[in-house]
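Dropping work_19.txt in here (compact mmCIF, C-alpha atoms):
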# COMPACT_ATOMS: atom_id res chain seq x y z
CA MET E 1 -23.45 -12.89 31.69
CA SER E 2 -22.90 -9.89 29.42
CA ASP E 3 -19.74 -9.30 27.43
CA GLU E 4 -19.05 -6.18 29.49
CA THR E 5 -19.25 -8.17 32.73
CA ASN E 6 -16.97 -10.86 31.32
CA SER E 7 -14.48 -8.21 30.27
CA THR E 8 -14.48 -6.55 33.70
CA SER E 9 -14.05 -9.90 35.43
CA LEU E 10 -11.18 -10.83 33.14
CA LEU E 11 -9.36 -7.58 33.92
CA ARG E 12 -9.71 -8.29 37.64
CA THR E 13 -7.91 -11.63 37.38
CA LYS E 14 -4.33 -11.44 38.65
CA ARG E 15 -2.51 -12.86 35.64
CA TYR E 16 -4.48 -11.26 32.82
CA GLY E 17 -4.94 -8.00 34.72
CA ALA E 18 -1.19 -7.74 35.34
CA PHE E 19 -0.45 -8.60 31.70
CA TRP E 20 -2.90 -5.95 30.51
CA CYS E 21 -1.50 -3.19 32.77
CA GLY E 22 2.15 -4.02 32.08
CA SER E 23 1.52 -4.05 28.34
CA LEU E 24 -0.35 -0.74 28.56
CA LEU E 25 2.57 1.02 30.25
CA SER E 26 5.05 -0.41 27.77
CA ASN E 27 2.92 0.53 24.78
CA ILE E 28 2.48 4.09 26.04
CA GLY E 29 6.26 4.42 25.92
CA SER E 30 6.38 2.83 22.47
CA TRP E 31 3.78 5.24 21.13
CA MET E 32 5.63 8.19 22.60
CA GLN E 33 8.64 7.15 20.54
CA SER E 34 6.41 6.41 17.52
CA VAL E 35 5.40 10.08 17.53
CA ALA E 36 8.85 11.48 18.30
CA GLU E 37 10.85 9.36 15.85
CA PRO E 38 9.12 10.17 12.53
CA TRP E 39 8.99 13.83 13.51
CA LEU E 40 12.71 13.71 14.32
CA VAL E 41 13.45 12.00 10.98
CA ILE E 42 11.40 14.41 8.86
CA THR E 43 12.72 17.52 10.64
CA THR E 44 16.32 16.27 10.53
CA SER E 45 16.34 15.10 6.91
CA GLY E 46 13.33 16.76 5.25
CA SER E 47 12.99 13.60 3.13
CA SER E 48 9.78 11.58 2.65
CA PHE E 49 11.89 8.73 1.30
CA LEU E 50 14.05 8.55 4.45
CA LEU E 51 10.89 8.64 6.57
CA GLY E 52 9.59 5.66 4.60
CA LEU E 53 12.98 3.96 4.84
CA ASP E 54 12.98 4.30 8.63
CA ALA E 55 9.53 2.72 8.82
CA PHE E 56 10.66 0.04 6.37
CA ALA E 57 13.67 -0.78 8.59
CA ILE E 58 11.37 -1.41 11.57
CA ASN E 59 9.05 -3.77 9.70
CA ALA E 60 11.17 -5.38 6.94
CA PRO E 61 12.83 -7.99 9.23
CA PHE E 62 9.42 -9.64 9.60
CA TRP E 63 9.75 -10.95 6.04
CA ILE E 64 12.88 -12.89 6.97
CA LEU E 65 12.70 -13.64 10.69
CA THR E 66 9.11 -13.82 11.91
CA LEU E 67 8.67 -17.48 10.86
CA LEU E 68 11.72 -18.27 12.98
CA GLY E 69 10.06 -16.27 15.75
CA GLY E 70 6.96 -18.44 15.39
CA ALA E 71 9.08 -21.59 15.72
CA LEU E 72 10.72 -20.16 18.85
CA ALA E 73 7.30 -19.34 20.30
CA ASP E 74 6.14 -22.96 19.88
CA ARG E 75 9.38 -24.76 20.80
CA ALA E 76 11.22 -22.53 23.30
CA ASP E 77 10.43 -20.85 26.62
CA LYS E 78 8.27 -17.86 25.70
CA GLY E 79 9.45 -15.89 28.72
CA LYS E 80 13.12 -16.27 27.84
CA VAL E 81 12.49 -15.40 24.19
CA ILE E 82 10.67 -12.21 25.20
CA PHE E 83 13.27 -11.22 27.81
CA LEU E 84 16.23 -11.74 25.47
CA PHE E 85 15.00 -9.89 22.40
CA GLN E 86 12.95 -7.20 24.13
CA GLY E 87 15.94 -6.55 26.40
CA ILE E 88 18.09 -5.86 23.35
CA GLN E 89 15.30 -3.69 21.98
CA MET E 90 15.18 -1.59 25.15
CA LEU E 91 18.78 -0.48 24.52
CA CYS E 92 17.80 1.25 21.23
CA PRO E 93 15.67 4.11 22.65
CA ALA E 94 18.16 4.40 25.52
CA LEU E 95 20.98 4.92 22.99
CA ILE E 96 18.98 7.51 21.01
CA PHE E 97 18.29 9.32 24.31
CA VAL E 98 22.03 9.52 25.05
CA LEU E 99 22.99 10.53 21.48
CA LEU E 100 20.33 13.25 21.41
CA ALA E 101 21.51 14.54 24.78
CA VAL E 102 25.10 14.93 23.56
CA GLY E 103 24.12 16.13 20.05
CA TRP E 104 25.60 13.20 18.10
CA ILE E 105 22.39 11.94 16.50
CA ASN E 106 21.82 11.68 12.74
CA VAL E 107 19.15 10.08 10.58
CA TRP E 108 21.26 7.06 9.61
CA ILE E 109 21.84 6.12 13.26
CA ILE E 110 18.08 6.29 13.80
CA ILE E 111 17.44 4.03 10.79
CA ALA E 112 20.11 1.53 11.93
CA LEU E 113 18.56 1.31 15.39
CA SER E 114 15.11 0.93 13.81
CA LEU E 115 16.47 -2.11 11.98
CA ILE E 116 17.61 -3.62 15.30
CA VAL E 117 14.16 -2.96 16.77
CA GLY E 118 12.60 -4.66 13.75
CA ILE E 119 14.82 -7.74 14.13
CA THR E 120 14.06 -8.14 17.84
CA ASP E 121 10.35 -7.56 17.24
CA ALA E 122 10.24 -10.18 14.49
CA LEU E 123 11.85 -12.78 16.76
CA SER E 124 9.82 -12.00 19.91
CA MET E 125 6.36 -10.83 18.81
CA PRO E 126 4.98 -14.29 17.88
CA ALA E 127 5.86 -15.43 21.43
CA PHE E 128 4.27 -12.34 22.94
CA SER E 129 1.16 -12.54 20.71
CA SER E 130 0.59 -16.19 21.61
CA LEU E 131 0.77 -15.55 25.38
CA ILE E 132 -2.90 -14.75 25.83
CA PRO E 133 -4.26 -18.29 25.23
CA SER E 134 -1.81 -19.54 27.87
CA ILE E 135 -3.15 -17.21 30.60
CA VAL E 136 -6.92 -17.40 29.93
CA SER E 137 -9.38 -20.22 29.26
CA LYS E 138 -10.49 -21.05 25.72
CA ARG E 139 -13.93 -19.49 26.21
CA GLU E 140 -12.26 -16.24 27.33
CA GLN E 141 -9.88 -15.97 24.38
CA ARG E 142 -12.06 -13.74 22.19
CA GLN E 143 -12.68 -11.33 25.08
CA ALA E 144 -9.02 -11.38 26.07
CA ILE E 145 -7.78 -10.63 22.55
CA THR E 146 -10.33 -7.83 22.14
CA LEU E 147 -9.38 -6.35 25.53
CA ASN E 148 -5.73 -6.52 24.53
CA SER E 149 -6.58 -4.56 21.40
CA ALA E 150 -8.41 -2.01 23.58
CA GLN E 151 -5.28 -1.72 25.73
CA PHE E 152 -3.12 -1.19 22.67
CA ASN E 153 -5.42 1.52 21.34
CA LEU E 154 -5.74 3.19 24.75
CA SER E 155 -1.94 3.47 24.71
CA ARG E 156 -2.25 4.85 21.19
CA VAL E 157 -4.35 7.68 22.65
CA LEU E 158 -2.31 8.31 25.80
CA GLY E 159 1.15 7.88 24.25
CA PRO E 160 0.79 10.48 21.46
CA ALA E 161 -1.06 12.89 23.79
CA ILE E 162 1.79 12.75 26.29
CA ALA E 163 4.40 12.81 23.51
CA GLY E 164 2.87 15.91 21.90
CA ALA E 165 2.97 17.80 25.19
CA VAL E 166 6.49 16.60 26.01
CA MET E 167 7.86 17.46 22.55
CA VAL E 168 6.42 20.97 22.58
CA ARG E 169 7.72 21.70 26.07
CA TYR E 170 10.90 19.63 26.42
CA GLY E 171 11.76 18.19 22.99
CA ALA E 172 11.84 14.66 21.52
CA LEU E 173 14.66 13.57 23.85
CA TRP E 174 12.39 12.65 26.74
CA CYS E 175 10.02 10.59 24.59
CA PHE E 176 12.88 8.18 23.88
CA GLY E 177 13.84 8.15 27.56
CA ALA E 178 10.26 7.36 28.57
CA ASN E 179 10.12 4.48 26.11
CA ALA E 180 13.32 2.95 27.47
CA ALA E 181 11.97 3.22 31.05
CA SER E 182 8.60 1.66 30.07
CA TYR E 183 10.24 -1.73 29.49
CA VAL E 184 10.86 -2.15 33.24
CA PRO E 185 7.21 -2.74 34.32
CA PHE E 186 6.69 -4.86 31.19
CA PHE E 187 9.56 -7.19 32.10
CA ALA E 188 8.34 -7.40 35.71
CA THR E 189 4.87 -8.41 34.51
CA ILE E 190 6.12 -11.08 32.09
CA TYR E 191 8.38 -12.55 34.78
CA TRP E 192 5.47 -12.70 37.23
CA ILE E 193 2.87 -14.27 34.93
CA LEU E 194 5.32 -16.72 33.31
CA PRO E 195 7.65 -18.03 36.03
CA TRP E 196 10.38 -19.92 34.21
CA SER E 197 10.43 -22.91 36.56
CA ARG E 198 6.73 -23.54 35.94
CA ILE E 199 7.17 -23.15 32.17
CA ALA E 200 10.04 -25.65 32.22
CA ARG E 201 7.94 -28.21 34.11
CA GLU E 202 5.04 -27.80 31.69
CA ARG E 203 7.22 -28.09 28.61
CA LYS E 204 8.66 -31.42 29.84
CA LYS E 205 5.16 -32.85 29.57
CA ILE E 206 4.94 -31.89 25.89
CA ALA E 207 7.00 -33.63 23.23
CA THR E 208 9.02 -31.26 21.09
CA PRO E 209 7.35 -31.08 17.66
CA THR E 210 9.34 -32.71 14.86
CA THR E 211 7.40 -31.20 11.94
CA PRO E 212 9.47 -28.51 10.18
CA PRO E 213 8.01 -24.98 10.54
CA THR E 214 7.67 -24.56 6.76
CA GLN E 215 5.55 -27.72 6.58
CA ILE E 216 3.33 -26.52 9.43
CA ILE E 217 2.83 -23.20 7.65
CA ARG E 218 1.89 -24.97 4.41
CA GLN E 219 -0.63 -27.06 6.35
CA ILE E 220 -2.14 -23.93 7.92
CA LEU E 221 -2.41 -22.09 4.60
CA ARG E 222 -4.12 -25.02 2.86
CA ASP E 223 -7.31 -23.80 4.54
CA ASP E 224 -8.85 -21.45 1.94
CA SER E 225 -10.51 -19.21 4.53
CA ILE E 226 -7.33 -18.79 6.58
CA ARG E 227 -5.28 -18.09 3.45
CA TRP E 228 -7.58 -15.31 2.22
CA HIS E 229 -7.71 -13.73 5.67
CA VAL E 230 -3.92 -13.61 5.78
CA ILE E 231 -3.89 -12.02 2.30
CA SER E 232 -6.47 -9.47 3.52
CA VAL E 233 -4.23 -8.48 6.44
CA LEU E 234 -1.29 -8.16 4.03
CA VAL E 235 -3.24 -5.95 1.59
CA THR E 236 -4.56 -3.72 4.38
CA SER E 237 -1.07 -3.19 5.81
CA LEU E 238 0.49 -2.70 2.38
CA PHE E 239 -1.94 -0.12 0.99
CA CYS E 240 -3.70 1.42 4.01
CA GLY E 241 -1.11 1.28 6.82
CA PRO E 242 1.11 4.06 5.36
CA ILE E 243 -1.51 6.68 6.25
CA ILE E 244 -0.07 6.66 9.78
CA THR E 245 3.59 6.72 8.80
CA PHE E 246 3.14 9.67 6.45
CA THR E 247 0.88 11.79 8.65
CA PRO E 248 3.87 14.04 9.56
CA VAL E 249 4.47 14.67 5.84
CA VAL E 250 0.85 15.80 5.40
CA VAL E 251 1.08 17.95 8.52
CA ARG E 252 4.27 19.70 7.39
CA SER E 253 3.88 19.93 3.62
CA VAL E 254 0.12 20.39 3.26
CA PHE E 255 -1.04 22.10 6.45
CA HIS E 256 2.31 23.62 7.56
CA GLY E 257 1.71 22.42 11.11
CA GLY E 258 4.08 21.55 13.95
CA ALA E 259 4.75 18.80 16.48
CA GLY E 260 1.64 19.69 18.49
CA ASP E 261 -0.62 19.22 15.45
CA PHE E 262 1.03 15.89 14.66
CA GLY E 263 0.55 14.69 18.25
CA THR E 264 -3.12 15.70 18.15
CA LEU E 265 -3.71 13.80 14.92
CA MET E 266 -2.07 10.69 16.33
CA VAL E 267 -4.36 10.95 19.36
CA ALA E 268 -7.32 11.14 16.96
CA PHE E 269 -6.19 7.92 15.27
CA GLY E 270 -5.86 6.30 18.70
CA ILE E 271 -9.35 7.39 19.74
CA GLY E 272 -10.77 5.73 16.64
CA GLY E 273 -8.76 2.63 17.46
CA LEU E 274 -10.07 2.63 21.01
CA VAL E 275 -13.68 2.62 19.77
CA GLY E 276 -12.91 -0.43 17.60
CA PRO E 277 -12.70 -3.04 20.41
CA VAL E 278 -15.82 -1.56 22.03
CA PHE E 279 -17.66 -2.05 18.75
CA ILE E 280 -16.36 -5.63 18.44
CA MET E 281 -17.49 -6.55 21.97
CA ALA E 282 -20.87 -4.84 21.51
CA THR E 283 -21.55 -6.74 18.27
CA ALA E 284 -19.98 -10.04 19.28
CA LYS E 285 -23.31 -11.88 19.04
CA THR E 286 -24.20 -10.28 15.71
CA PHE E 287 -21.14 -10.25 13.45
CA LYS E 288 -18.62 -12.98 12.73
CA SER E 289 -15.01 -12.04 13.39
CA ARG E 290 -13.97 -13.23 9.95
CA TRP E 291 -16.47 -10.97 8.20
CA LEU E 292 -15.57 -7.90 10.23
CA SER E 293 -11.94 -8.51 9.27
CA LEU E 294 -12.85 -8.54 5.56
CA ILE E 295 -15.48 -5.78 5.29
CA SER E 296 -13.82 -3.05 7.38
CA PRO E 297 -10.69 -2.84 5.14
CA LEU E 298 -12.95 -1.88 2.21
CA PHE E 299 -14.06 1.25 4.04
CA PHE E 300 -10.52 1.86 5.29
CA GLY E 301 -9.34 2.05 1.67
CA LEU E 302 -12.04 4.62 0.91
CA PHE E 303 -10.80 6.89 3.71
CA VAL E 304 -7.22 6.58 2.44
CA MET E 305 -8.49 7.66 -1.00
CA ALA E 306 -10.15 10.70 0.63
CA VAL E 307 -6.86 12.20 1.90
CA PRO E 308 -6.26 14.35 -1.25
CA LEU E 309 -9.74 15.86 -0.82
CA ILE E 310 -9.05 17.09 2.72
CA ALA E 311 -9.13 20.88 3.04
CA ASN E 312 -7.90 21.39 6.61
CA VAL E 313 -6.46 19.71 9.70
CA HIS E 314 -9.91 19.22 11.23
CA GLN E 315 -11.08 17.12 8.29
CA PHE E 316 -7.86 15.12 8.43
CA LEU E 317 -8.54 14.51 12.13
CA LEU E 318 -11.93 12.95 11.27
CA VAL E 319 -10.33 10.77 8.57
CA LEU E 320 -7.78 9.51 11.10
CA VAL E 321 -10.47 8.74 13.69
CA ALA E 322 -12.29 6.62 11.09
CA SER E 323 -9.02 5.03 9.93
CA GLY E 324 -8.04 4.09 13.49
CA PHE E 325 -11.45 2.50 14.04
CA LEU E 326 -11.40 0.51 10.80
CA MET E 327 -7.78 -0.64 11.13
CA THR E 328 -8.43 -1.89 14.66
CA VAL E 329 -11.63 -3.71 13.73
CA ALA E 330 -9.89 -5.34 10.75
CA ASN E 331 -6.72 -6.44 12.56
CA THR E 332 -8.33 -7.45 15.85
CA SER E 333 -11.02 -9.49 14.10
CA ALA E 334 -8.44 -11.19 11.88
CA ASN E 335 -6.22 -11.91 14.90
CA THR E 336 -9.17 -13.42 16.79
CA PHE E 337 -10.26 -15.57 13.85
CA LEU E 338 -6.73 -16.88 13.20
CA GLN E 339 -5.95 -17.62 16.87
CA VAL E 340 -9.26 -19.43 17.40
CA SER E 341 -8.64 -21.39 14.18
CA SER E 342 -5.26 -22.70 15.36
CA ASP E 343 -4.40 -25.41 17.88
CA ASP E 344 -2.23 -24.84 20.96
CA ALA E 345 0.84 -26.58 19.52
CA ASN E 346 1.01 -24.36 16.42
CA ARG E 347 -0.39 -21.05 17.71
CA GLY E 348 3.03 -19.39 17.61
CA GLN E 349 3.37 -20.35 13.94
CA MET E 350 -0.08 -18.96 13.20
CA MET E 351 0.84 -15.69 14.90
CA SER E 352 4.09 -15.55 12.94
CA ILE E 353 2.06 -15.75 9.71
CA TYR E 354 -0.26 -12.99 10.96
CA MET E 355 2.68 -10.79 12.01
CA LEU E 356 4.44 -11.46 8.70
CA ALA E 357 1.39 -10.26 6.77
CA MET E 358 0.76 -7.24 9.00
CA ARG E 359 4.27 -5.95 9.68
CA GLY E 360 5.82 -7.24 6.46
CA GLY E 361 3.10 -5.60 4.38
CA LEU E 362 3.57 -2.35 6.27
CA SER E 363 7.31 -2.38 5.52
CA ILE E 364 6.82 -2.61 1.75
CA GLY E 365 3.90 -0.17 1.85
CA ASN E 366 5.92 2.46 3.68
CA LEU E 367 8.88 2.14 1.34
CA LEU E 368 6.61 2.27 -1.73
CA CYS E 369 4.65 5.23 -0.38
CA GLY E 370 7.84 7.15 0.43
CA ALA E 371 9.21 6.59 -3.08
CA LEU E 372 5.91 7.54 -4.77
CA ALA E 373 5.41 10.64 -2.62
CA GLY E 374 8.72 12.05 -3.84
CA VAL E 375 7.61 11.64 -7.48
CA ILE E 376 3.83 12.20 -7.66
CA GLY E 377 3.13 13.93 -4.34
CA ILE E 378 1.64 12.64 -1.12
CA GLY E 379 -2.01 13.32 -2.09
CA THR E 380 -1.86 11.42 -5.40
CA THR E 381 0.00 8.60 -3.65
CA PHE E 382 -2.82 8.14 -1.12
CA LEU E 383 -5.41 8.20 -3.91
CA LEU E 384 -3.52 5.48 -5.78
CA ILE E 385 -2.84 3.12 -2.88
CA GLY E 386 -6.37 3.60 -1.50
CA SER E 387 -7.87 2.65 -4.87
CA ILE E 388 -5.73 -0.49 -5.03
CA ALA E 389 -6.79 -1.39 -1.47
CA VAL E 390 -10.52 -1.06 -2.26
CA ALA E 391 -10.25 -3.13 -5.47
CA SER E 392 -8.15 -5.83 -3.80
CA GLN E 393 -10.36 -6.14 -0.73
CA GLY E 394 -13.47 -6.35 -2.92
CA PHE E 395 -11.90 -9.28 -4.77
CA ILE E 396 -10.89 -11.01 -1.50
CA LEU E 397 -14.37 -10.55 -0.03
CA ALA E 398 -15.96 -12.06 -3.15
CA LYS E 399 -13.64 -15.08 -2.89
CA CYS E 400 -14.49 -15.63 0.78
CA LEU E 401 -18.22 -15.32 0.13
CA ARG E 402 -17.96 -18.30 -2.21
CA ILE E 403 -16.21 -20.34 0.47
CA ASP E 404 -18.52 -19.43 3.37
CA PRO E 405 -21.57 -17.16 2.96
CA ILE E 406 -22.15 -14.60 5.71
CA GLY E 407 -24.13 -16.03 8.63
CA PRO E 408 -26.07 -14.30 11.43
CA VAL E 409 -23.74 -15.00 14.36
CA GLN E 410 -20.07 -14.66 15.16
CA ALA E 411 -17.62 -17.53 14.92
Have the structure of the file written as structure tokens, please.
Amino acid sequence: MSDETNSTSLLRTKRYGAFWCGSLLSNIGSWMQSVAEPWLVITTSGSSFLLGLDAFAINAPFWILTLLGGALADRADKGKVIFLFQGIQMLCPALIFVLLAVGWINVWIIIALSLIVGITDALSMPAFSSLIPSIVSKREQRQAITLNSAQFNLSRVLGPAIAGAVMVRYGALWCFGANAASYVPFFATIYWILPWSRIARERKKIATPTTPPTQIIRQILRDDSIRWHVISVLVTSLFCGPIITFTPVVVRSVFHGGAGDFGTLMVAFGIGGLVGPVFIMATAKTFKSRWLSLISPLFFGLFVMAVPLIANVHQFLLVLVASGFLMTVANTSANTFLQVSSDDANRGQMMSIYMLAMRGGLSIGNLLCGALAGVIGIGTTFLLIGSIAVASQGFILAKCLRIDPIGPVQA
């Protein structure tokens, strides 16, 4: 049976199909806010540093709390963890919607609410990320993870496209309202696929692990291949991820564009991201996940370095298409490799390590990029961080080649 047939069959199953659709609707709302919020921050404050600080506030809690989130994912009821923290998170866009409507919004309120979103994400995302293996069979995990990445990137196309149109016609207000409303189908889906009574019965059959989370993490990271893949995700997020956060700065300061241009560029990034899972599924029998996750960041760094050479918005659009593709291939392949490499009992901990590297690296990268842009300019900043990314990923790839030479088939 072909990979495409497997993928279609998986989407037609009740549990995974519902999970996929509910997540898509929720992520469309999230991406609508992801377009509206940085534009609101940069137009309200005019500061690259505050834009970086807002992005830092969303991702920084992962450094402190995501390992606790991983422990919760392995030891507590995943459904209850998701409902509690995502429920708190839903209140943040709802509050911004109200404050914008009455004219009481300011940049520091936005940053404070971003911090709350970051805290709730750090505590709930390992549980959410480790759901897939519990709703599909082991042989379907690679397909399911890749399809989930396709869903995320489809939302990354649809969300910014809708947000751009809404912002031009109605303003940023309704993007935040749409995000708050998008949690409703997401909660309904999670409740349906993970009925709490069934979870409770299943958990009674499993002894609560007594190994401390820090010891489990040390055991996981003793594997050289896993450790270098985690470092690769960290480096990619740290030095390549800021290209998305600071797109509105390039649009405003370099090309003197507006909200519509920003929305279009975010759609371009999403289109590239949407092609990534298609490429992974099409080459599943040719390339190993672990090598895709190490080679694609090298090229991603080169495109980040190319930003200062861009002469117009159209060239920037092409760079973002390529960046979206390479980021998705890198992160999805790393996610697949790490999940397949972990056992069921510790999958939440593994996902907490992955989320720590990805979101934690992005937090520092955004703060660093915002500070540098105010001193040396946004173009020179991208040249610098892109160069560091290429050099670092080349070193990581060389290390991994010594551990396990590239083979002809995926694993």
Next on the checklist: At a cut-off of 10 Å around the point (-7.6, -14.9, 25.2) (file coordinates), what residues fall inside when counting only C-alpha atoms? I'd like the answer as a count of residues only.
Outcome noted: 24
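Minimum atom-to-atom distance to Phe395 of chain E, evaluated using only C-alpha atoms, belongs to E:Pro297 out of E:Pro242, E:Pro297, E:Gly159, E:Gly379.
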Item to check | Separation of atom CA of Pro126 of chain E from atom CA of Met266 of chain E, in Å and rounded to one decimal | outcome: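 Value for the atom CA of Pro126 of chain E-atom CA of Met266 of chain E distance: 26.0 Å.
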Residues of segment 219-248 of chain E at most 12 Å from segment 275-293 of chain E: nearest atom pair and distance in Å, only C-alpha atoms, as CSV:
residue,atom,partner,partner_atom,distance
E:Ser225,CA,E:Arg290,CA,8.8
E:Ile226,CA,E:Arg290,CA,9.3
E:Arg227,CA,E:Arg290,CA,11.9
E:Trp228,CA,E:Arg290,CA,10.2
E:His229,CA,E:Arg290,CA,7.6
E:Val230,CA,E:Ser293,CA,10.1
E:Ile231,CA,E:Ser293,CA,11.2
E:Ser232,CA,E:Ser293,CA,8.0
E:Val233,CA,E:Ser293,CA,8.2
E:Leu234,CA,E:Ser293,CA,11.9
E:Val235,CA,E:Ser293,CA,11.9
E:Thr236,CA,E:Ser293,CA,10.1
Next on the checklist: Show me, as a list in words, the residues that have an atom within 8 Å of Met32 of chain E when counting only C-alpha atoms, minus same-chain residues fewer than 6 positions from it.
Outcome noted: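 My reading of the contact set: Gly159, Pro160, Ile162, Ala163, Cys175, Phe176, Ala178 and Asn179 of chain E.
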Now that the selection is made, can you save its residues with C-alpha atoms as a PDB file, keeping the file's coordinate frame?
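Contents of the output file part.pdb:
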ATOM      1  CA  GLY E 159       1.150   7.880  24.250  1.00  0.00           C
ATOM      2  CA  PRO E 160       0.790  10.480  21.460  1.00  0.00           C
ATOM      3  CA  ILE E 162       1.790  12.750  26.290  1.00  0.00           C
ATOM      4  CA  ALA E 163       4.400  12.810  23.510  1.00  0.00           C
ATOM      5  CA  CYS E 175      10.020  10.590  24.590  1.00  0.00           C
ATOM      6  CA  PHE E 176      12.880   8.180  23.880  1.00  0.00           C
ATOM      7  CA  ALA E 178      10.260   7.360  28.570  1.00  0.00           C
ATOM      8  CA  ASN E 179      10.120   4.480  26.110  1.00  0.00           C
TER       9      ASN E 179
END
Checklist entry - Near Gly370 of chain E, within 6 Å and counting all atoms listed in the file, which residues show up once chain neighbours fewer than 5 positions away are dropped, as a PyMOL selection string? => result chain E and resi 48-49+52
Item to check | Near-Ala60 of chain E list (12 Å; all atoms listed in the file; drop same-chain fewer than 5 positions) as a VMD selection string | outcome: chain E and resid 52 to 55 65 to 66 111 114 to 122 238 355 to 367
Checklist entry - Which distance in Å separates atom CA of His314 of chain E and atom CA of Val249 of chain E, to one decimal? => result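 Atom CA of Val249 of chain E lies at a distance of 16.0 Å from atom CA of His314 of chain E.
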Item to check | Counting all atoms listed in the file, the option among E:Leu95, E:Leu221, E:Ile353, E:Ile244 closest to Val304 of chain E | outcome: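 Of E:Leu95, E:Leu221, E:Ile353, E:Ile244, the one nearest Val304 of chain E is E:Ile244, counting all atoms listed in the file.
As for atom CA of Ala180 of chain E and atom CA of Asn106 of chain E, they are spaced 19.1 Å apart.
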